[in-house]
>>> print(open('final-v9.cif').read())   # mmCIF, C-alpha atoms
data_input
#
loop_
_atom_site.label_atom_id
_atom_site.label_comp_id
_atom_site.auth_asym_id
_atom_site.auth_seq_id
_atom_site.Cartn_x
_atom_site.Cartn_y
_atom_site.Cartn_z
CA MET A 29 36.09 165.80 87.30
CA LYS A 30 38.91 163.31 86.70
CA GLU A 31 36.55 160.35 87.07
CA LYS A 32 33.96 161.96 84.77
CA ILE A 33 36.56 162.53 82.04
CA GLU A 34 37.87 158.98 82.37
CA ARG A 35 34.37 157.53 82.09
CA GLU A 36 33.59 159.62 79.04
CA PHE A 37 36.87 158.59 77.41
CA LYS A 38 36.18 154.90 78.00
CA LYS A 39 32.67 155.28 76.60
CA LEU A 40 33.99 156.96 73.46
CA CYS A 41 36.68 154.31 72.95
CA LYS A 42 34.04 151.62 73.28
CA SER A 43 31.89 153.33 70.65
CA TYR A 44 34.80 152.99 68.21
CA LYS A 45 35.52 149.41 69.35
CA ARG A 46 39.01 150.43 70.43
CA LYS A 47 41.05 150.23 73.60
CA GLY A 48 42.87 153.24 74.94
CA VAL A 49 44.65 154.89 77.83
CA ILE A 50 44.28 158.28 79.50
CA GLY A 51 46.34 160.34 81.95
CA PHE A 52 46.60 163.84 83.43
CA SER A 53 49.44 166.24 84.15
CA PRO A 54 49.81 169.94 85.03
CA LEU A 55 50.70 171.93 81.94
CA LYS A 56 53.67 173.45 83.77
CA GLU A 57 55.32 170.01 84.06
CA ALA A 58 55.72 169.65 80.29
CA GLU A 59 59.17 170.43 78.90
CA LEU A 60 58.35 171.63 75.42
CA HIS A 61 60.62 172.92 72.69
CA PRO A 62 60.64 176.78 72.86
CA ILE A 63 58.93 177.02 69.45
CA GLN A 64 56.19 174.66 70.61
CA LYS A 65 55.71 176.71 73.78
CA LYS A 66 54.98 179.74 71.61
CA TYR A 67 52.55 177.69 69.52
CA LEU A 68 50.76 176.51 72.65
CA LEU A 69 50.54 180.03 74.06
CA ARG A 70 48.75 181.11 70.90
CA ASN A 71 46.51 178.04 70.85
CA LEU A 72 45.47 178.51 74.50
CA SER A 73 45.19 182.29 74.36
CA THR A 74 41.66 182.20 75.82
CA PHE A 75 42.88 180.53 79.03
CA ASP A 76 43.88 182.40 82.17
CA TRP A 77 47.50 181.34 82.54
CA SER A 78 47.61 182.58 86.13
CA LYS A 79 45.34 179.66 87.05
CA PRO A 80 46.04 175.89 86.80
CA ILE A 81 45.80 174.24 83.39
CA THR A 82 45.75 170.48 83.02
CA ALA A 83 46.90 168.49 79.99
CA ILE A 84 44.83 165.36 79.34
CA SER A 85 46.87 162.85 77.37
CA ILE A 86 44.92 160.18 75.49
CA GLY A 87 46.13 157.24 73.47
CA VAL A 88 44.28 154.73 71.31
CA PHE A 89 45.88 151.36 70.59
CA TYR A 90 46.49 149.57 67.33
CA THR A 91 45.08 146.03 67.21
CA ARG A 92 47.28 142.93 66.98
CA GLU A 93 46.21 142.39 63.36
CA GLU A 94 47.21 145.92 62.41
CA ILE A 95 50.62 145.64 64.04
CA ASN A 96 51.25 142.18 62.61
CA SER A 97 50.74 143.54 59.10
CA VAL A 98 54.03 145.43 59.52
CA PRO A 99 57.15 143.54 58.35
CA ASP A 100 59.08 141.84 61.16
CA LYS A 101 62.42 142.70 59.54
CA TRP A 102 63.91 145.74 57.85
CA VAL A 103 62.24 146.41 54.49
CA THR A 104 63.16 149.42 52.41
CA LYS A 105 60.05 149.70 50.25
CA GLY A 106 56.35 148.93 50.43
CA THR A 107 53.63 149.01 47.79
CA ASN A 108 50.00 150.06 47.65
CA GLU A 109 49.00 146.42 47.33
CA ASN A 110 50.78 144.65 50.18
CA SER A 111 49.41 143.92 53.66
CA TRP A 112 51.65 146.57 55.23
CA ASN A 113 48.94 149.02 54.25
CA ILE A 114 46.62 147.51 56.88
CA TYR A 115 48.83 149.30 59.39
CA SER A 116 49.11 152.35 57.16
CA GLN A 117 45.33 152.68 56.88
CA ALA A 118 44.91 152.06 60.61
CA CYS A 119 47.17 155.04 61.29
CA GLY A 120 44.74 157.32 59.48
CA GLU A 121 41.78 155.72 61.22
CA LEU A 122 43.33 156.19 64.68
CA ASN A 123 44.07 159.82 63.89
CA ARG A 124 40.42 160.43 63.00
CA ILE A 125 39.21 158.57 66.10
CA LEU A 126 41.56 160.53 68.35
CA ASN A 127 40.55 163.83 66.82
CA ASN A 128 36.87 163.00 67.35
CA ILE A 129 37.42 161.87 70.94
CA ALA A 130 39.59 164.88 71.75
CA SER A 131 37.07 167.29 70.26
CA ASN A 132 34.24 165.63 72.18
CA LEU A 133 36.12 165.81 75.49
CA ALA A 134 37.15 169.41 74.86
CA GLU A 135 33.57 170.45 74.16
CA LYS A 136 32.18 168.59 77.15
CA PHE A 137 34.76 169.85 79.65
CA ALA A 138 35.42 173.40 78.38
CA GLY A 139 38.82 172.52 76.96
CA ILE A 140 40.86 172.95 73.80
CA SER A 141 41.99 169.91 71.81
CA GLU A 142 45.14 169.40 69.79
CA GLN A 143 44.81 167.22 66.70
CA ALA A 144 46.44 163.80 66.76
CA THR A 145 48.96 164.46 64.04
CA VAL A 146 49.70 166.85 61.22
CA GLU A 147 48.91 164.63 58.24
CA GLY A 148 50.26 165.30 54.79
CA TYR A 149 53.22 167.42 55.89
CA THR A 150 55.87 164.74 55.38
CA ARG A 151 55.82 165.41 51.65
CA LYS A 152 55.80 169.18 52.16
CA VAL A 153 58.72 169.73 54.52
CA LYS A 154 62.42 169.12 54.01
CA GLN A 155 63.62 169.39 57.59
CA VAL A 156 61.91 167.83 60.60
CA GLU A 157 62.32 171.11 62.52
CA GLU A 158 59.67 172.61 60.25
CA TYR A 159 57.07 170.64 62.22
CA TYR A 160 57.84 172.22 65.54
CA GLY A 161 56.01 175.50 65.02
CA ILE A 162 52.71 173.92 63.94
CA CYS A 163 52.05 171.39 66.70
CA VAL A 164 52.86 170.27 70.22
CA SER A 165 54.64 167.09 71.23
CA HIS A 166 51.99 164.63 72.40
CA ARG A 167 54.84 162.42 73.63
CA VAL A 168 55.89 165.04 76.18
CA PHE A 169 52.41 165.18 77.69
CA ALA A 170 51.96 161.39 77.54
CA GLU A 171 55.19 160.88 79.44
CA ALA A 172 54.28 163.51 82.05
CA ALA A 173 50.83 161.94 82.50
CA GLY A 174 52.24 158.47 83.09
CA LEU A 175 50.94 156.75 79.96
CA GLY A 176 54.38 155.22 79.50
CA TRP A 177 58.07 156.01 79.20
CA ARG A 178 60.23 157.43 76.43
CA GLY A 179 61.78 154.44 74.71
CA LYS A 180 65.07 154.16 72.87
CA SER A 181 63.11 154.70 69.66
CA GLY A 182 62.00 158.09 70.97
CA LEU A 183 58.41 156.83 71.11
CA ILE A 184 56.20 156.44 74.18
CA ILE A 185 56.23 152.82 75.38
CA THR A 186 53.11 151.72 77.27
CA PRO A 187 53.02 148.66 79.57
CA GLU A 188 49.83 147.54 77.82
CA ASN A 189 50.79 147.65 74.15
CA GLY A 190 54.35 148.86 73.76
CA SER A 191 54.59 151.81 71.36
CA ALA A 192 51.62 150.56 69.29
CA LEU A 193 49.35 153.54 69.84
CA ARG A 194 48.71 157.06 68.65
CA LEU A 195 48.31 160.08 70.89
CA SER A 196 46.41 163.31 71.30
CA THR A 197 46.15 165.98 74.01
CA ILE A 198 43.34 168.09 75.45
CA PHE A 199 43.91 171.13 77.66
CA ILE A 200 41.38 172.18 80.30
CA PRO A 201 41.41 175.23 82.62
CA TYR A 202 41.12 173.17 85.80
CA GLU A 203 43.49 171.58 88.26
CA ILE A 204 43.46 167.77 88.22
CA GLU A 205 45.87 165.62 90.19
CA SER A 206 48.76 164.29 88.12
CA THR A 207 48.76 160.62 87.14
CA GLY A 208 52.51 160.67 86.46
CA LYS A 209 54.34 157.42 87.18
CA GLU A 210 57.85 156.07 87.29
CA PHE A 211 58.67 153.13 85.03
CA GLN A 212 61.65 150.81 84.83
CA GLY A 213 61.98 151.71 81.18
CA CYS A 214 63.49 149.62 78.40
CA GLY A 215 66.36 148.24 80.45
CA ASP A 216 68.73 146.18 78.34
CA CYS A 217 66.24 145.77 75.49
CA GLN A 218 67.40 147.34 72.25
CA ALA A 219 65.12 145.54 69.79
CA CYS A 220 64.22 148.79 68.03
CA LEU A 221 67.89 149.77 67.70
CA ASP A 222 68.78 146.38 66.27
CA ILE A 223 66.09 146.46 63.58
CA CYS A 224 66.22 150.11 62.48
CA PRO A 225 69.52 151.48 61.12
CA PHE A 226 68.33 155.08 61.59
CA LEU A 227 67.89 154.79 65.36
CA LYS A 228 71.56 154.00 65.83
CA ASN A 229 72.38 157.57 64.76
CA GLU A 230 70.78 159.39 67.68
CA LYS A 231 71.76 162.84 66.41
CA ASN A 232 70.00 162.57 63.04
CA TYR A 233 67.42 159.84 63.51
CA ARG A 234 64.39 162.18 63.30
CA GLN A 235 65.55 163.60 59.99
CA ASN A 236 66.38 160.12 58.67
CA CYS A 237 62.93 158.89 59.68
CA LEU A 238 61.36 161.82 57.84
CA LEU A 239 63.22 160.87 54.67
CA ARG A 240 62.16 157.24 55.07
CA LEU A 241 58.49 158.15 55.41
CA LYS A 242 58.75 160.15 52.20
CA ASN A 243 60.06 157.13 50.31
CA VAL A 244 58.63 153.98 51.88
CA GLY A 245 55.69 153.91 49.42
CA LEU A 246 52.69 153.20 51.63
CA GLN A 247 49.28 154.88 51.44
CA ASN A 248 50.01 156.95 54.56
CA GLU A 249 53.33 158.41 55.72
CA VAL A 250 54.24 155.65 58.19
CA CYS A 251 56.68 152.80 58.73
CA GLY A 252 55.97 150.97 62.01
CA ILE A 253 58.77 148.40 61.97
CA CYS A 254 60.25 149.57 65.27
CA ILE A 255 56.73 149.64 66.74
CA ARG A 256 56.07 146.01 65.84
CA ILE A 257 59.38 144.79 67.21
CA CYS A 258 58.87 146.79 70.42
CA ARG A 259 55.48 145.25 71.07
CA GLU A 260 56.81 141.75 70.44
CA ALA A 261 59.79 142.31 72.76
CA LEU A 262 57.52 143.68 75.49
CA LYS A 263 55.22 140.65 75.35
CA LYS A 264 58.06 138.14 75.77
#
>>> encode(input="final-v9.cif", output="structure tokens")
Amino acid sequence: MKEKIEREFKKLCKSYKRKGVIGFSPLKEAELHPIQKKYLLRNLSTFDWSKPITAISIGVFYTREEINSVPDKWVTKGTNENSWNIYSQACGELNRILNNIASNLAEKFAGISEQATVEGYTRKVKQVEEYYGICVSHRVFAEAAGLGWRGKSGLIITPENGSALRLSTIFIPYEIESTGKEFQGCGDCQACLDICPFLKNEKNYRQNCLLRLKNVGLQNEVCGICIRICREALKK
């Protein structure tokens, strides 16, 4: 089944003229926040939890043009007119692509898909913890499945494209061998820490990022500066 799912994923990516990455991990290997565990239990209530459940982690990459539209230095404000919105619009496009691919795979392989992101909530919530009860962490499953490692930015860093991707997860009631890997990680690189003042404050960086996304002024609730610098550092 693993090979069938991989082939179908590649075919779907090709239909959208995108490149992507896929991996598998047992659900039990994921270390989720307790609130997200409860959410997942509700979402997968039709599954028999006494039997193996596999999480399929999928990622679709941004293109070089989309990433290069992001400023290569710290900028506090964008506008609806500047090129930064190429990245902003691509974020929405990747979410739609991922949701379509995830739904297709879930239907074909008797699974349940989790949407790529919860769009529109940045302007509705005040504290980042308010997200936790309405979604799962795709990063947790991506890390367990060996798509990449957790970088100093908190994002998943892939060998192929740095952190320049978006993620989704599909759950299927079958046992598939884990594709988990060990990576060397970021090492001495701290490009993201050097460019983003919020990342230096590890305790509050998620909340600070939330506030930034509320105020940056792009068409979608994104920033991407640490993602661009990560990709550039990885390619050196």
>>> resolve_selection(input="final-v9.cif", expression="the PyMOL selection byres ((chain A and resi 211-219) around 8)", output="list in words")
Gly176, Trp177, Arg178, Gly179, Lys180, Lys209, Glu210, Cys220, Leu221, Asp222, Ile223, Cys254, Ile257, Cys258 and Ala261 of chain A
>>> atom_distance(input="final-v9.cif", atom1="atom CA of Ala172 of chain A", atom2="atom CA of Glu57 of chain A")
6.9 Å
>>> residues_near_point(input="final-v9.cif", point="(35.6, 165.8, 77.6)", cutoff="12 Å", atoms="all atoms listed in the file", output="PyMOL selection string")
chain A and resi 29-40+50+83-86+128-141+197-200
>>> residues_near_point(input="final-v9.cif", point="(54.4, 167.1, 82.5)", cutoff="12 Å", atoms="all atoms listed in the file", output="short mmCIF file (atom, residue, chain, number, x, y, z; two decimals) with C-alpha atoms, in the frame of the given file")
data_model
loop_
_atom_site.label_atom_id
_atom_site.label_comp_id
_atom_site.auth_asym_id
_atom_site.auth_seq_id
_atom_site.Cartn_x
_atom_site.Cartn_y
_atom_site.Cartn_z
CA GLY A 51 46.34 160.34 81.95
CA PHE A 52 46.60 163.84 83.43
CA SER A 53 49.44 166.24 84.15
CA PRO A 54 49.81 169.94 85.03
CA LEU A 55 50.70 171.93 81.94
CA LYS A 56 53.67 173.45 83.77
CA GLU A 57 55.32 170.01 84.06
CA ALA A 58 55.72 169.65 80.29
CA GLU A 59 59.17 170.43 78.90
CA LEU A 60 58.35 171.63 75.42
CA ILE A 81 45.80 174.24 83.39
CA THR A 82 45.75 170.48 83.02
CA ALA A 83 46.90 168.49 79.99
CA ILE A 84 44.83 165.36 79.34
CA SER A 85 46.87 162.85 77.37
CA SER A 165 54.64 167.09 71.23
CA HIS A 166 51.99 164.63 72.40
CA ARG A 167 54.84 162.42 73.63
CA VAL A 168 55.89 165.04 76.18
CA PHE A 169 52.41 165.18 77.69
CA ALA A 170 51.96 161.39 77.54
CA GLU A 171 55.19 160.88 79.44
CA ALA A 172 54.28 163.51 82.05
CA ALA A 173 50.83 161.94 82.50
CA GLY A 174 52.24 158.47 83.09
CA LEU A 175 50.94 156.75 79.96
CA THR A 197 46.15 165.98 74.01
CA GLU A 205 45.87 165.62 90.19
CA SER A 206 48.76 164.29 88.12
CA THR A 207 48.76 160.62 87.14
CA GLY A 208 52.51 160.67 86.46
CA LYS A 209 54.34 157.42 87.18
#
>>> atom_distance(input="final-v9.cif", atom1="atom CA of Gln247 of chain A", atom2="atom CA of Leu262 of chain A")
27.8 Å
>>> closest_residue(input="final-v9.cif", among="A:Trp112, A:Tyr233, A:Tyr160, A:Tyr44", to="Gly252 of chain A", atoms="all atoms listed in the file")
A:Trp112
>>> atom_distance(input="final-v9.cif", atom1="atom CA of Lys47 of chain A", atom2="atom CA of Leu126 of chain A")
11.6 Å
>>> resolve_selection(input="final-v9.cif", expression="the PyMOL selection byres ((chain A and resi 100) around 9)", output="list of chain:residue names")
A:Asn96, A:Ser97, A:Val98, A:Pro99, A:Lys101, A:Trp102, A:Val103, A:Ile223, A:Ile253, A:Cys254, A:Arg256, A:Ile257
>>> closest_residue(input="final-v9.cif", among="A:Leu193, A:Val88, A:Leu69, A:Val153", to="Lys42 of chain A", atoms="only C-alpha atoms")
A:Val88
>>> resolve_selection(input="final-v9.cif", expression="the PyMOL selection byres ((chain A and resi 117) around 10)", output="mmCIF file with C-alpha atoms, in the coordinates of the input")
data_model
loop_
_atom_site.group_PDB
_atom_site.id
_atom_site.type_symbol
_atom_site.label_atom_id
_atom_site.label_comp_id
_atom_site.auth_asym_id
_atom_site.auth_seq_id
_atom_site.Cartn_x
_atom_site.Cartn_y
_atom_site.Cartn_z
ATOM 1 C CA GLU A 94 47.210 145.920 62.410
ATOM 2 C CA TRP A 112 51.650 146.570 55.230
ATOM 3 C CA ASN A 113 48.940 149.020 54.250
ATOM 4 C CA ILE A 114 46.620 147.510 56.880
ATOM 5 C CA TYR A 115 48.830 149.300 59.390
ATOM 6 C CA SER A 116 49.110 152.350 57.160
ATOM 7 C CA ALA A 118 44.910 152.060 60.610
ATOM 8 C CA CYS A 119 47.170 155.040 61.290
ATOM 9 C CA GLY A 120 44.740 157.320 59.480
ATOM 10 C CA GLU A 121 41.780 155.720 61.220
ATOM 11 C CA LEU A 122 43.330 156.190 64.680
ATOM 12 C CA LEU A 246 52.690 153.200 51.630
ATOM 13 C CA GLN A 247 49.280 154.880 51.440
ATOM 14 C CA ASN A 248 50.010 156.950 54.560
ATOM 15 C CA GLU A 249 53.330 158.410 55.720
ATOM 16 C CA VAL A 250 54.240 155.650 58.190
#
>>> closest_residue(input="final-v9.cif", among="A:Ile184, A:Lys228, A:Cys251, A:Asn71", to="Gly161 of chain A", atoms="all atoms listed in the file")
A:Asn71
>>> residues_around(input="final-v9.cif", residues="Val164 of chain A", least_positions_apart="4", cutoff="10 Å", atoms="only C-alpha atoms", output="list in words")
Leu60, His61, Ile63, Gln64, Lys65, Lys66, Tyr67, Leu68, Glu142, Gln143, Ala144, Thr145, Tyr159, Tyr160, Val168, Phe169, Ser196 and Thr197 of chain A
